[in-house]
There are 2 protein chains.
Amino acid sequence: MVAIPCGFESRLAHSMEKTTKSAPGGKTQSLRIIPLGGLEEVGRNMTVLEYGDDIMVIDLGLQFPEEDMPGIDYIIPNTAYLKDKKDKIRGVVITHGHYDHIGAIPHSIGRLGNPPIYTAPLTRGMIIKRQEDFPNAPKLDIHQVKLTDKIKLGCFKVEFFHVNHNIPDSMGIVIETPVGRIVHTGDFKFDHSPINEAPADLARITQLGQEGVLLLMSDSTDAETPGHSLSENEIQKTLEEIFKGIEGRIIVATFASLLTRVQEIIWLAEKFGRKVAVDGYSMKANVAIARELGYLKAKKYTLITPKQANDLPDHKVLVLCTGAQGEGNAVLMRLATGEHRLLKIHPNDTVIFSSSVVPGNERSVQNLRDALYRKGAKVIHYEMMDVHAGGHAPSEDLKMMINLVKPKFFMPIEGNYYMLKLHAEIAESVGIPSKNIAVPNNGQVVLVNQKSIRLGKEQVPANYVMVDGLGVGDVGEIVLRDRQAMAKDGMFVIIAVVDSKTGRVRGEPDIISRGFVYLRESKELLDQTRGKVKEIVNQATSNEHTVNWTYVKDNIRDKVGQFLYTKTQRRPMVLPVVIEM
Amino acid sequence: MVAIPCGFESRLAHSMEKTTKSAPGGKTQSLRIIPLGGLEEVGRNMTVLEYGDDIMVIDLGLQFPEEDMPGIDYIIPNTAYLKDKKDKIRGVVITHGHYDHIGAIPHSIGRLGNPPIYTAPLTRGMIIKRQEDFPNAPKLDIHQVKLTDKIKLGCFKVEFFHVNHNIPDSMGIVIETPVGRIVHTGDFKFDHSPINEAPADLARITQLGQEGVLLLMSDSTDAETPGHSLSENEIQKTLEEIFKGIEGRIIVATFASLLTRVQEIIWLAEKFGRKVAVDGYSMKANVAIARELGYLKAKKYTLITPKQANDLPDHKVLVLCTGAQGEGNAVLMRLATGEHRLLKIHPNDTVIFSSSVVPGNERSVQNLRDALYRKGAKVIHYEMMDVHAGGHAPSEDLKMMINLVKPKFFMPIEGNYYMLKLHAEIAESVGIPSKNIAVPNNGQVVLVNQKSIRLGKEQVPANYVMVDGLGVGDVGEIVLRDRQAMAKDGMFVIIAVVDSKTGRVRGEPDIISRGFVYLRESKELLDQTRGKVKEIVNQATSNEHTVNWTYVKDNIRDKVGQFLYTKTQRRPMVLPVVIEM
């Protein structure tokens, strides 16, 4: 392994002016930027930088499955392009600890030859913790970096700068490449009065701009939202107003990954003389790691167990838990349904949903709220907190980033295609010429040199790789289509045993059906179907000497399918089995 | 049929002062209000009013299925309570033409004995049109009412008043019952400068309040939103601003049921000298009915066909279509994917999404937007239009309704439980004592007389009745659970033919699996499974004289299930078939 984390002797002041190596053919060699994920979706972020024999990777994230992918746990980037290039990978740099940036590590790092990972302390802690859930995944070669560190990954020299997001230790990356300096923002926003951390390092970003930046790759997630971020400080004030009016117990549900919000809530609880009972697997895990590494501060006796909470009067208790998305087995749902082992909803409880609803979860959240109301709790769904203070820079902040960095070239990253396009429009509006902006698709090779940025013709595999249980990539179109079909109308297996001497169906064909009709109440339909099958088989065997069983089976499939549709207007998957005896 | 639409001789001025009939036992008889749907969800609205031998029904709506109901077309109210009371049903009154108020008619009206339906002209037109899609449904006995009509349904005397919503001809209902006067708002909002109709009839509502109202049943859908409705007129101004800046073609996608919005768009198109090509099955149908009945106005040559649109310059064309929810087969998706037979996206097209995204459709809409951007179109997603001018009264308007009607009793309707609860809090805040407010569940019998309103102990069936193809109510828990299971991990059928003489498995067991693994790449797993099955069968038959085949099959199911889980961490539905020969 060539990757050696080390300091540079001196900063490369004007990297844009450096001479570019010439490729063997004499032509100027370009840097190849290959986004393997994150450019057509929000999630599974992964970018490859390749120059000569050196490759570095930024982020290795997962995406949650879409509605038409039943049974899929999540989607990770396709790393096929790197399969034969493992020995060129000098390292993986991770910008921050959210799953859409770290989640593919357990599944993919082995396929990349287990290269070294470089990231900030909290992110490192979260990656290591998650790896424990995958006993078959390799032991990681993971290195902690400080913001002042400079590391060398082959021909790439990497530095870091602090940005705000909604988890501590979020970093932007500066990469000195042979063609010039690249700034990659990671997920970011600007918060001038953040909670528990410094504002984004505007001085450093300004300095980078003054020194010269060839290419800016910037977070597009919130490009559609006008204006600036609302500071977390403002959110805290609003939360404080809410807390003030509450007399009974407070239950706050949020994402375990929103550690900044978690810190706010703990501090507010302390201010109002409440102890905090943390509950939920991921919430407890994240709080433990963040506390251990000094990223989450709580007074000595603030954190208590749910059991201890039951011994305190209601106005002294705050429960901090998971489940704001209505997830069936998370703490909040178990509270609402009365299935929590230790905690019960009290009639004067106030439940605060402190995160916006993820698309697709709205119905579950409505049902959850109904269940909480039925138990007498009051619900405050303060969506505005996330609408106005999400983790990502809205359009005015995006402009500011571009204005400070003053890049020659611009490439929007992290977002659906339309978000990238809107971000490209924003860049144009602040003076980046459209020919200097590249909006690639996943897998499209972007070629950058000192003179130009362009979308290459080369397209590497970047399709969805689905993770389902232990299987990575083995569930494809066919399996998914079958799942969808069976989900819609069920399946219908017909087993006919045929006497090889007479060619007649022996006895009655067996029918196994699930998800189609309630069998006990469909006797007539089943009898008619059996009759149809016998008729088809007997007819086929009576006329011909050699029976084409494939034809017979196709015939059963078509005719039974048509028959069942006429009777029910449903199309179960019909699967005929003919056994000759 | 006893129901006779007729005028009253004189208005019953103070119905609250009327004497209430006494029940046989001497006790004062109460009116029974039985909500069969609409109180634990937004959708499938249906309310039964019962007094002595008279029953009337308000609305007969459907609800769209939830995410965990694959293959279900929609959900309708359970009408089992009315099964033996058909001859008491004097009529069904429909408040307006949206599916959550009319959609169950084709499926349920026959089960109610096809009683007469009373509704406004446009609603009537839409109900009749929809009935044509159900050739097996009975011919309707449907009567048109005017706002000035008074009809008698047994002991119930029904009048109507005009409210605003987002479809013309929306009505509130006044019911003189033997215990007093009830006001049912239907879906409503107050719009003081509506499009293409009069403002809600505040004078009539005020008069009702002055005369005395025993019970107000009022729409809770938007109880959570603070403030007042924004007038459609304001929306039109914003739309006009948007239209002004557009040079190419305009494509507006919205719900076909938002006829008020459709009218606005047609008028704006005329103002900007554009012709309107209406496309999409439901959009064309609704526009046709509304025009025929005079509810939608367009100049003689405004409406054109998509084909004619292609002969006009872009700046003269507006396409009005369905598909703003990203539905796979709607017009907008076909445009985006290039599969529309007549229309193609032009690079200077502007697509306006003129409706908010229905929960669960967010991902589809994002994909749709990506596809449109890729074709070079610009997308304006003006969600604010619906956020601020939905069809339902927000909290300040709800207060105004209560203040004008001045009811003695109050019952929130139409909404999830938590919406009803919030509406109840609103009612309390404007002076309705909490003992005078009833918040029932679906199926819970509410007893009302002049002195009290209370939730009875009686609970009638009100569970979901699912419609799937031709089946109404035949898909239940078991079928749905099977569909969910197969969607998640597929199914796995094992067929073992056993020689009845030797008790040994003949040849190799057949395996039919779908949605589990890609079979061609899982040969080893299948071979191992076959081995396991043979082992289990042979063991069972070697030791005992009479083989318990149920036990053997259970054993195969458990052991193969466990084996497959160990190998894949997936749990397909394992279905063993043993055939003795």
# chains A, B, ... in the order shown; residues from 1 in each chain; ligands from 1
>>> interface_residues(of="chain B", to="chain A", cutoff="8 Å", atoms="only C-alpha atoms", output="tab-separated table (two decimals) with all heavy atoms, in the first residue's frame")
chain	number	residue	atom	x	y	z
B	66	GLU	N	-53.27	2.17	1.73
B	66	GLU	CA	-52.02	2.54	2.39
B	66	GLU	C	-50.87	1.71	1.82
B	66	GLU	O	-51.09	0.80	1.03
B	66	GLU	CB	-52.16	2.35	3.90
B	66	GLU	CG	-53.37	3.15	4.40
B	66	GLU	CD	-53.48	3.25	5.90
B	66	GLU	OE1	-52.61	2.72	6.61
B	66	GLU	OE2	-54.46	3.87	6.35
B	70	PRO	N	-50.58	-3.87	-0.74
B	70	PRO	CA	-50.26	-4.02	-2.16
B	70	PRO	C	-51.41	-4.65	-2.94
B	70	PRO	O	-52.07	-5.56	-2.45
B	70	PRO	CB	-49.04	-4.95	-2.15
B	70	PRO	CG	-49.06	-5.63	-0.82
B	70	PRO	CD	-49.70	-4.66	0.12
B	71	GLY	N	-51.63	-4.16	-4.13
B	71	GLY	CA	-52.64	-4.73	-5.02
B	71	GLY	C	-54.06	-4.24	-4.76
B	71	GLY	O	-54.95	-4.49	-5.57
B	72	ILE	N	-54.27	-3.55	-3.66
B	72	ILE	CA	-55.62	-3.08	-3.35
B	72	ILE	C	-55.92	-1.83	-4.18
B	72	ILE	O	-55.08	-0.94	-4.30
B	72	ILE	CB	-55.73	-2.75	-1.84
B	72	ILE	CG1	-55.44	-4.01	-1.01
B	72	ILE	CG2	-57.09	-2.16	-1.50
B	72	ILE	CD1	-56.36	-5.17	-1.31
B	359	PRO	N	-48.78	12.40	-0.04
B	359	PRO	CA	-47.83	11.57	0.71
B	359	PRO	C	-47.62	10.20	0.07
B	359	PRO	O	-48.59	9.52	-0.27
B	359	PRO	CB	-48.49	11.44	2.08
B	359	PRO	CG	-49.27	12.70	2.23
B	359	PRO	CD	-49.72	13.08	0.85
B	360	GLY	N	-46.38	9.83	-0.10
B	360	GLY	CA	-46.07	8.54	-0.70
B	360	GLY	C	-45.64	8.67	-2.15
B	360	GLY	O	-45.03	7.77	-2.71
B	361	ASN	N	-45.94	9.82	-2.76
B	361	ASN	CA	-45.60	9.99	-4.18
B	361	ASN	C	-44.33	10.81	-4.40
B	361	ASN	O	-43.97	11.10	-5.54
B	361	ASN	CB	-46.75	10.68	-4.91
B	361	ASN	CG	-47.98	9.82	-4.96
B	361	ASN	OD1	-47.92	8.61	-4.74
B	361	ASN	ND2	-49.12	10.42	-5.24
B	362	GLU	N	-43.65	11.21	-3.32
B	362	GLU	CA	-42.53	12.15	-3.45
B	362	GLU	C	-41.42	11.62	-4.36
B	362	GLU	O	-40.91	12.35	-5.20
B	362	GLU	CB	-41.94	12.49	-2.08
B	362	GLU	CG	-42.83	13.36	-1.23
B	362	GLU	CD	-43.88	12.57	-0.50
B	362	GLU	OE1	-43.96	11.34	-0.70
B	362	GLU	OE2	-44.64	13.18	0.27
B	363	ARG	N	-41.07	10.36	-4.18
B	363	ARG	CA	-39.99	9.81	-4.99
B	363	ARG	C	-40.35	9.79	-6.47
B	363	ARG	O	-39.56	10.15	-7.32
B	363	ARG	CB	-39.66	8.38	-4.55
B	363	ARG	CG	-38.87	8.30	-3.27
B	363	ARG	CD	-37.36	8.35	-3.56
B	363	ARG	NE	-36.60	8.29	-2.34
B	363	ARG	CZ	-35.92	7.22	-1.93
B	363	ARG	NH1	-35.91	6.11	-2.66
B	363	ARG	NH2	-35.25	7.23	-0.81
B	366	GLN	N	-40.05	13.19	-7.86
B	366	GLN	CA	-38.66	13.57	-8.09
B	366	GLN	C	-38.12	12.95	-9.37
B	366	GLN	O	-37.44	13.60	-10.16
B	366	GLN	CB	-37.80	13.14	-6.90
B	366	GLN	CG	-37.98	14.05	-5.69
B	366	GLN	CD	-36.99	13.75	-4.59
B	366	GLN	OE1	-36.47	12.63	-4.51
B	366	GLN	NE2	-36.72	14.72	-3.75
B	369	ARG	N	-39.55	14.79	-12.31
B	369	ARG	CA	-38.89	16.08	-12.53
B	369	ARG	C	-37.52	15.89	-13.18
B	369	ARG	O	-37.13	16.64	-14.08
B	369	ARG	CB	-38.74	16.82	-11.21
B	369	ARG	CG	-40.08	17.24	-10.65
B	369	ARG	CD	-39.92	17.95	-9.34
B	369	ARG	NE	-39.23	19.21	-9.53
B	369	ARG	CZ	-39.02	20.09	-8.55
B	369	ARG	NH1	-39.43	19.81	-7.33
B	369	ARG	NH2	-38.41	21.22	-8.78
B	370	ASP	N	-36.79	14.88	-12.71
B	370	ASP	CA	-35.50	14.58	-13.34
B	370	ASP	C	-35.67	14.32	-14.83
B	370	ASP	O	-34.93	14.85	-15.66
B	370	ASP	CB	-34.88	13.34	-12.68
B	370	ASP	CG	-34.09	13.70	-11.43
B	370	ASP	OD1	-34.09	14.89	-11.06
B	370	ASP	OD2	-33.52	12.79	-10.82
B	373	TYR	N	-36.38	17.53	-16.73
B	373	TYR	CA	-35.16	18.35	-16.85
B	373	TYR	C	-34.22	17.77	-17.91
B	373	TYR	O	-33.58	18.49	-18.65
B	373	TYR	CB	-34.45	18.45	-15.50
B	373	TYR	CG	-34.86	19.69	-14.73
B	373	TYR	CD1	-35.88	19.64	-13.80
B	373	TYR	CD2	-34.22	20.90	-14.94
B	373	TYR	CE1	-36.26	20.77	-13.09
B	373	TYR	CE2	-34.58	22.04	-14.25
B	373	TYR	CZ	-35.61	21.97	-13.33
B	373	TYR	OH	-35.98	23.10	-12.64
B	374	ARG	N	-34.14	16.45	-17.94
B	374	ARG	CA	-33.26	15.82	-18.93
B	374	ARG	C	-33.71	16.13	-20.35
B	374	ARG	O	-32.92	16.18	-21.27
B	374	ARG	CB	-33.24	14.30	-18.74
B	374	ARG	CG	-32.38	13.86	-17.59
B	374	ARG	CD	-32.38	12.35	-17.44
B	374	ARG	NE	-31.90	12.00	-16.11
B	374	ARG	CZ	-30.64	12.06	-15.74
B	374	ARG	NH1	-29.73	12.43	-16.59
B	374	ARG	NH2	-30.29	11.74	-14.51
B	416	ASN	N	-58.10	12.46	10.29
B	416	ASN	CA	-57.48	11.53	11.23
B	416	ASN	C	-57.91	11.90	12.65
B	416	ASN	O	-58.27	13.05	12.91
B	416	ASN	CB	-55.96	11.65	11.13
B	416	ASN	CG	-55.40	10.75	10.06
B	416	ASN	OD1	-55.69	10.95	8.88
B	416	ASN	ND2	-54.64	9.74	10.44
B	417	TYR	N	-57.78	10.95	13.54
B	417	TYR	CA	-58.19	11.17	14.93
B	417	TYR	C	-57.56	12.43	15.51
B	417	TYR	O	-58.22	13.22	16.16
B	417	TYR	CB	-57.82	9.94	15.76
B	417	TYR	CG	-58.34	10.01	17.18
B	417	TYR	CD1	-59.66	9.70	17.47
B	417	TYR	CD2	-57.51	10.40	18.22
B	417	TYR	CE1	-60.14	9.77	18.76
B	417	TYR	CE2	-57.97	10.46	19.52
B	417	TYR	CZ	-59.29	10.15	19.79
B	417	TYR	OH	-59.75	10.23	21.08
B	418	TYR	N	-56.25	12.63	15.24
B	418	TYR	CA	-55.61	13.80	15.85
B	418	TYR	C	-56.14	15.11	15.28
B	418	TYR	O	-56.19	16.13	15.96
B	418	TYR	CB	-54.07	13.73	15.76
B	418	TYR	CG	-53.47	14.00	14.41
B	418	TYR	CD1	-53.19	15.30	14.00
B	418	TYR	CD2	-53.17	12.96	13.54
B	418	TYR	CE1	-52.63	15.55	12.76
B	418	TYR	CE2	-52.60	13.20	12.31
B	418	TYR	CZ	-52.34	14.50	11.92
B	418	TYR	OH	-51.78	14.74	10.69
B	421	LYS	N	-59.32	15.74	17.16
B	421	LYS	CA	-59.00	16.22	18.50
B	421	LYS	C	-58.60	17.69	18.48
B	421	LYS	O	-59.01	18.48	19.34
B	421	LYS	CB	-57.84	15.38	19.08
B	421	LYS	CG	-58.30	14.09	19.72
B	421	LYS	CD	-59.04	14.41	21.01
B	421	LYS	CE	-59.20	13.18	21.88
B	421	LYS	NZ	-60.10	13.45	23.03
B	468	ASP	N	-60.50	-5.03	-4.67
B	468	ASP	CA	-59.38	-5.49	-5.50
B	468	ASP	C	-59.97	-6.15	-6.72
B	468	ASP	O	-60.52	-7.24	-6.64
B	468	ASP	CB	-58.52	-6.47	-4.69
B	468	ASP	CG	-57.32	-6.97	-5.50
B	468	ASP	OD1	-57.16	-6.55	-6.65
B	468	ASP	OD2	-56.55	-7.79	-4.96
B	469	GLY	N	-59.86	-5.48	-7.86
B	469	GLY	CA	-60.50	-6.00	-9.06
B	469	GLY	C	-61.99	-6.11	-8.84
B	469	GLY	O	-62.63	-5.18	-8.38
B	470	LEU	N	-62.53	-7.30	-9.13
B	470	LEU	CA	-63.97	-7.50	-8.95
B	470	LEU	C	-64.32	-7.81	-7.51
B	470	LEU	O	-65.49	-7.84	-7.14
B	470	LEU	CB	-64.46	-8.63	-9.85
B	470	LEU	CG	-64.42	-8.37	-11.36
B	470	LEU	CD1	-64.97	-9.57	-12.11
B	470	LEU	CD2	-65.21	-7.12	-11.72
B	471	GLY	N	-63.33	-8.09	-6.70
B	471	GLY	CA	-63.62	-8.50	-5.33
B	471	GLY	C	-63.81	-7.30	-4.41
B	471	GLY	O	-63.02	-6.38	-4.41
B	474	ASP	N	-63.23	-9.31	-0.19
B	474	ASP	CA	-62.74	-10.69	-0.09
B	474	ASP	C	-61.25	-10.75	0.22
B	474	ASP	O	-60.74	-11.78	0.63
B	474	ASP	CB	-63.05	-11.48	-1.38
B	474	ASP	CG	-62.23	-10.97	-2.55
B	474	ASP	OD1	-61.94	-9.76	-2.58
B	474	ASP	OD2	-61.88	-11.77	-3.42
B	475	VAL	N	-60.54	-9.66	0.02
B	475	VAL	CA	-59.14	-9.63	0.43
B	475	VAL	C	-59.09	-9.17	1.88
B	475	VAL	O	-59.50	-8.07	2.21
B	475	VAL	CB	-58.32	-8.68	-0.46
B	475	VAL	CG1	-56.91	-8.50	0.11
B	475	VAL	CG2	-58.24	-9.22	-1.87
B	476	GLY	N	-58.63	-10.07	2.73
B	476	GLY	CA	-58.57	-9.74	4.15
B	476	GLY	C	-57.16	-9.80	4.65
B	476	GLY	O	-56.20	-9.80	3.89
B	478	ILE	N	-55.31	-12.16	5.87
B	478	ILE	CA	-54.43	-13.27	5.49
B	478	ILE	C	-53.85	-13.05	4.11
B	478	ILE	O	-52.64	-13.15	3.90
B	478	ILE	CB	-55.22	-14.61	5.54
B	478	ILE	CG1	-55.63	-14.89	6.98
B	478	ILE	CG2	-54.38	-15.75	4.97
B	478	ILE	CD1	-56.54	-16.09	7.13
B	479	VAL	N	-54.70	-12.72	3.15
B	479	VAL	CA	-54.22	-12.49	1.79
B	479	VAL	C	-53.21	-11.35	1.76
B	479	VAL	O	-52.15	-11.44	1.13
B	479	VAL	CB	-55.42	-12.21	0.84
B	479	VAL	CG1	-54.93	-11.80	-0.54
B	479	VAL	CG2	-56.32	-13.43	0.73
B	480	LEU	N	-53.51	-10.28	2.48
B	480	LEU	CA	-52.60	-9.13	2.50
B	480	LEU	C	-51.26	-9.48	3.12
B	480	LEU	O	-50.21	-9.06	2.64
B	480	LEU	CB	-53.22	-7.99	3.31
B	480	LEU	CG	-53.96	-6.91	2.55
B	480	LEU	CD1	-54.15	-5.70	3.44
B	480	LEU	CD2	-53.23	-6.49	1.29
B	481	ARG	N	-51.33	-10.25	4.22
B	481	ARG	CA	-50.09	-10.62	4.89
B	481	ARG	C	-49.22	-11.47	3.96
B	481	ARG	O	-48.01	-11.31	3.91
B	481	ARG	CB	-50.39	-11.35	6.19
B	481	ARG	CG	-49.57	-10.84	7.34
B	481	ARG	CD	-49.95	-11.41	8.68
B	481	ARG	NE	-50.65	-12.66	8.63
B	481	ARG	CZ	-51.78	-12.91	9.28
B	481	ARG	NH1	-52.33	-11.97	10.01
B	481	ARG	NH2	-52.37	-14.09	9.19
B	482	ASP	N	-49.87	-12.38	3.24
B	482	ASP	CA	-49.12	-13.20	2.28
B	482	ASP	C	-48.48	-12.33	1.20
B	482	ASP	O	-47.33	-12.54	0.82
B	482	ASP	CB	-50.05	-14.24	1.63
B	482	ASP	CG	-50.39	-15.36	2.60
B	482	ASP	OD1	-49.70	-15.49	3.64
B	482	ASP	OD2	-51.35	-16.11	2.32
B	483	ARG	N	-49.23	-11.36	0.71
B	483	ARG	CA	-48.67	-10.47	-0.31
B	483	ARG	C	-47.45	-9.72	0.22
B	483	ARG	O	-46.43	-9.60	-0.46
B	483	ARG	CB	-49.72	-9.44	-0.76
B	483	ARG	CG	-50.79	-10.03	-1.63
B	483	ARG	CD	-51.77	-8.96	-2.11
B	483	ARG	NE	-52.84	-9.59	-2.87
B	483	ARG	CZ	-53.88	-8.94	-3.37
B	483	ARG	NH1	-54.00	-7.64	-3.17
B	483	ARG	NH2	-54.80	-9.58	-4.05
B	484	GLN	N	-47.58	-9.21	1.44
B	484	GLN	CA	-46.45	-8.48	2.03
B	484	GLN	C	-45.24	-9.38	2.18
B	484	GLN	O	-44.11	-8.99	1.88
B	484	GLN	CB	-46.84	-7.91	3.40
B	484	GLN	CG	-47.85	-6.77	3.33
B	484	GLN	CD	-48.60	-6.57	4.64
B	484	GLN	OE1	-48.29	-7.22	5.64
B	484	GLN	NE2	-49.58	-5.69	4.62
B	486	MET	N	-44.46	-12.14	0.53
B	486	MET	CA	-43.86	-12.50	-0.76
B	486	MET	C	-43.16	-11.30	-1.39
B	486	MET	O	-42.17	-11.45	-2.08
B	486	MET	CB	-44.92	-13.07	-1.70
B	486	MET	CG	-45.43	-14.44	-1.21
B	486	MET	SD	-46.48	-15.30	-2.41
B	486	MET	CE	-47.89	-14.21	-2.47
B	487	ALA	N	-43.70	-10.09	-1.13
B	487	ALA	CA	-43.05	-8.89	-1.65
B	487	ALA	C	-41.68	-8.73	-1.01
B	487	ALA	O	-40.73	-8.29	-1.66
B	487	ALA	CB	-43.90	-7.66	-1.37
B	488	LYS	N	-41.58	-9.08	0.24
B	488	LYS	CA	-40.34	-8.85	0.97
B	488	LYS	C	-39.25	-9.86	0.56
B	488	LYS	O	-38.15	-9.47	0.21
B	488	LYS	CB	-40.62	-8.94	2.47
B	488	LYS	CG	-39.59	-8.24	3.31
B	488	LYS	CD	-40.05	-8.10	4.74
B	488	LYS	CE	-38.87	-7.69	5.60
B	488	LYS	NZ	-37.78	-8.68	5.60
B	489	ASP	N	-39.58	-11.14	0.61
B	489	ASP	CA	-38.54	-12.14	0.40
B	489	ASP	C	-38.92	-13.24	-0.58
B	489	ASP	O	-38.21	-14.25	-0.68
B	489	ASP	CB	-38.16	-12.78	1.75
B	489	ASP	CG	-37.37	-11.81	2.63
B	489	ASP	OD1	-36.51	-11.11	2.08
B	489	ASP	OD2	-37.63	-11.75	3.83
B	490	GLY	N	-40.04	-13.09	-1.27
B	490	GLY	CA	-40.39	-14.08	-2.29
B	490	GLY	C	-40.98	-15.35	-1.72
B	490	GLY	O	-41.33	-15.42	-0.54
B	514	ARG	N	-39.77	-17.71	-6.64
B	514	ARG	CA	-39.83	-16.41	-7.30
B	514	ARG	C	-39.60	-15.31	-6.25
B	514	ARG	O	-40.06	-15.43	-5.13
B	514	ARG	CB	-41.22	-16.18	-7.93
B	514	ARG	CG	-41.54	-17.07	-9.13
B	514	ARG	CD	-40.71	-16.71	-10.36
B	514	ARG	NE	-41.13	-17.46	-11.52
B	514	ARG	CZ	-40.75	-18.70	-11.80
B	514	ARG	NH1	-39.93	-19.35	-10.98
B	514	ARG	NH2	-41.18	-19.31	-12.90
B	515	GLY	N	-38.88	-14.30	-6.63
B	515	GLY	CA	-38.70	-13.15	-5.75
B	515	GLY	C	-37.76	-13.40	-4.58
B	515	GLY	O	-37.70	-12.62	-3.65
B	516	PHE	N	-37.03	-14.52	-4.63
B	516	PHE	CA	-36.15	-14.86	-3.51
B	516	PHE	C	-34.68	-14.66	-3.88
B	516	PHE	O	-34.00	-13.76	-3.39
B	516	PHE	CB	-36.44	-16.30	-3.07
B	516	PHE	CG	-35.42	-16.89	-2.13
B	516	PHE	CD1	-35.04	-16.22	-0.98
B	516	PHE	CD2	-34.86	-18.14	-2.40
B	516	PHE	CE1	-34.10	-16.77	-0.11
B	516	PHE	CE2	-33.92	-18.69	-1.54
B	516	PHE	CZ	-33.53	-18.00	-0.40
B	517	VAL	N	-34.20	-15.50	-4.79
B	517	VAL	CA	-32.85	-15.31	-5.32
B	517	VAL	C	-32.93	-15.52	-6.83
B	517	VAL	O	-33.92	-16.05	-7.33
B	517	VAL	CB	-31.84	-16.34	-4.74
B	517	VAL	CG1	-31.59	-16.08	-3.26
B	517	VAL	CG2	-32.33	-17.76	-4.96
B	518	TYR	N	-31.90	-15.11	-7.53
B	518	TYR	CA	-31.88	-15.37	-8.96
B	518	TYR	C	-31.47	-16.83	-9.14
B	518	TYR	O	-30.34	-17.22	-8.83
B	518	TYR	CB	-30.90	-14.41	-9.63
B	518	TYR	CG	-30.97	-14.44	-11.13
B	518	TYR	CD1	-32.19	-14.34	-11.80
B	518	TYR	CD2	-29.82	-14.57	-11.89
B	518	TYR	CE1	-32.25	-14.38	-13.17
B	518	TYR	CE2	-29.88	-14.61	-13.27
B	518	TYR	CZ	-31.10	-14.53	-13.91
B	518	TYR	OH	-31.17	-14.57	-15.27
B	567	LYS	N	-28.38	-19.07	5.14
B	567	LYS	CA	-27.56	-18.84	3.95
B	567	LYS	C	-27.72	-17.44	3.37
B	567	LYS	O	-26.81	-16.93	2.71
B	567	LYS	CB	-27.94	-19.86	2.86
B	567	LYS	CG	-27.51	-21.29	3.18
B	567	LYS	CD	-26.01	-21.43	3.04
B	567	LYS	CE	-25.55	-22.85	3.34
B	567	LYS	NZ	-24.08	-22.96	3.29
B	568	THR	N	-28.91	-16.85	3.53
B	568	THR	CA	-29.19	-15.59	2.80
B	568	THR	C	-29.67	-14.45	3.70
B	568	THR	O	-29.73	-13.31	3.26
B	568	THR	CB	-30.29	-15.80	1.76
B	568	THR	OG1	-31.50	-16.18	2.45
B	568	THR	CG2	-29.93	-16.90	0.77
B	569	GLN	N	-30.05	-14.77	4.93
B	569	GLN	CA	-30.76	-13.81	5.79
B	569	GLN	C	-32.02	-13.26	5.11
B	569	GLN	O	-32.37	-12.09	5.25
B	569	GLN	CB	-29.83	-12.71	6.28
B	569	GLN	CG	-28.91	-13.26	7.37
B	569	GLN	CD	-28.18	-12.19	8.15
B	569	GLN	OE1	-28.53	-11.02	8.11
B	569	GLN	NE2	-27.16	-12.61	8.89
B	570	ARG	N	-32.68	-14.11	4.35
B	570	ARG	CA	-34.00	-13.78	3.81
B	570	ARG	C	-34.96	-14.88	4.24
B	570	ARG	O	-34.55	-16.02	4.43
B	570	ARG	CB	-33.97	-13.71	2.28
B	570	ARG	CG	-33.06	-12.62	1.79
B	570	ARG	CD	-32.96	-12.58	0.28
B	570	ARG	NE	-31.74	-11.89	-0.09
B	570	ARG	CZ	-31.18	-11.92	-1.29
B	570	ARG	NH1	-31.74	-12.63	-2.26
B	570	ARG	NH2	-30.07	-11.26	-1.54
>>> residues_around(residues="range 46-60 of chain B", least_positions_apart="5", cutoff="6 Å", atoms="only C-alpha atoms", output="MDAnalysis selection string")
chainID B and resid 31:37 88:94 101:102 104:105 154
>>> write_last_selection(atoms="C-alpha atoms", output="short mmCIF file (atom, residue, chain, number, x, y, z; two decimals), in the first residue's frame")
data_model
loop_
_atom_site.label_atom_id
_atom_site.label_comp_id
_atom_site.auth_asym_id
_atom_site.auth_seq_id
_atom_site.Cartn_x
_atom_site.Cartn_y
_atom_site.Cartn_z
CA LEU B 31 -81.02 10.28 17.28
CA ARG B 32 -78.30 7.79 16.39
CA ILE B 33 -75.40 9.13 14.36
CA ILE B 34 -73.14 6.38 13.07
CA PRO B 35 -69.98 7.38 11.22
CA LEU B 36 -69.00 4.40 9.04
CA GLY B 37 -65.91 6.11 7.66
CA LYS B 88 -85.38 1.87 6.28
CA ILE B 89 -82.92 3.84 4.16
CA ARG B 90 -84.84 6.83 2.85
CA GLY B 91 -82.02 8.28 0.79
CA VAL B 92 -78.36 9.15 0.37
CA VAL B 93 -77.25 12.78 0.25
CA ILE B 94 -73.90 13.54 -1.40
CA HIS B 101 -67.38 11.35 -1.01
CA ILE B 102 -68.77 9.52 -4.06
CA ALA B 104 -67.94 3.89 -2.98
CA ILE B 105 -71.27 4.34 -4.76
CA GLY B 154 -88.66 9.89 6.31
#
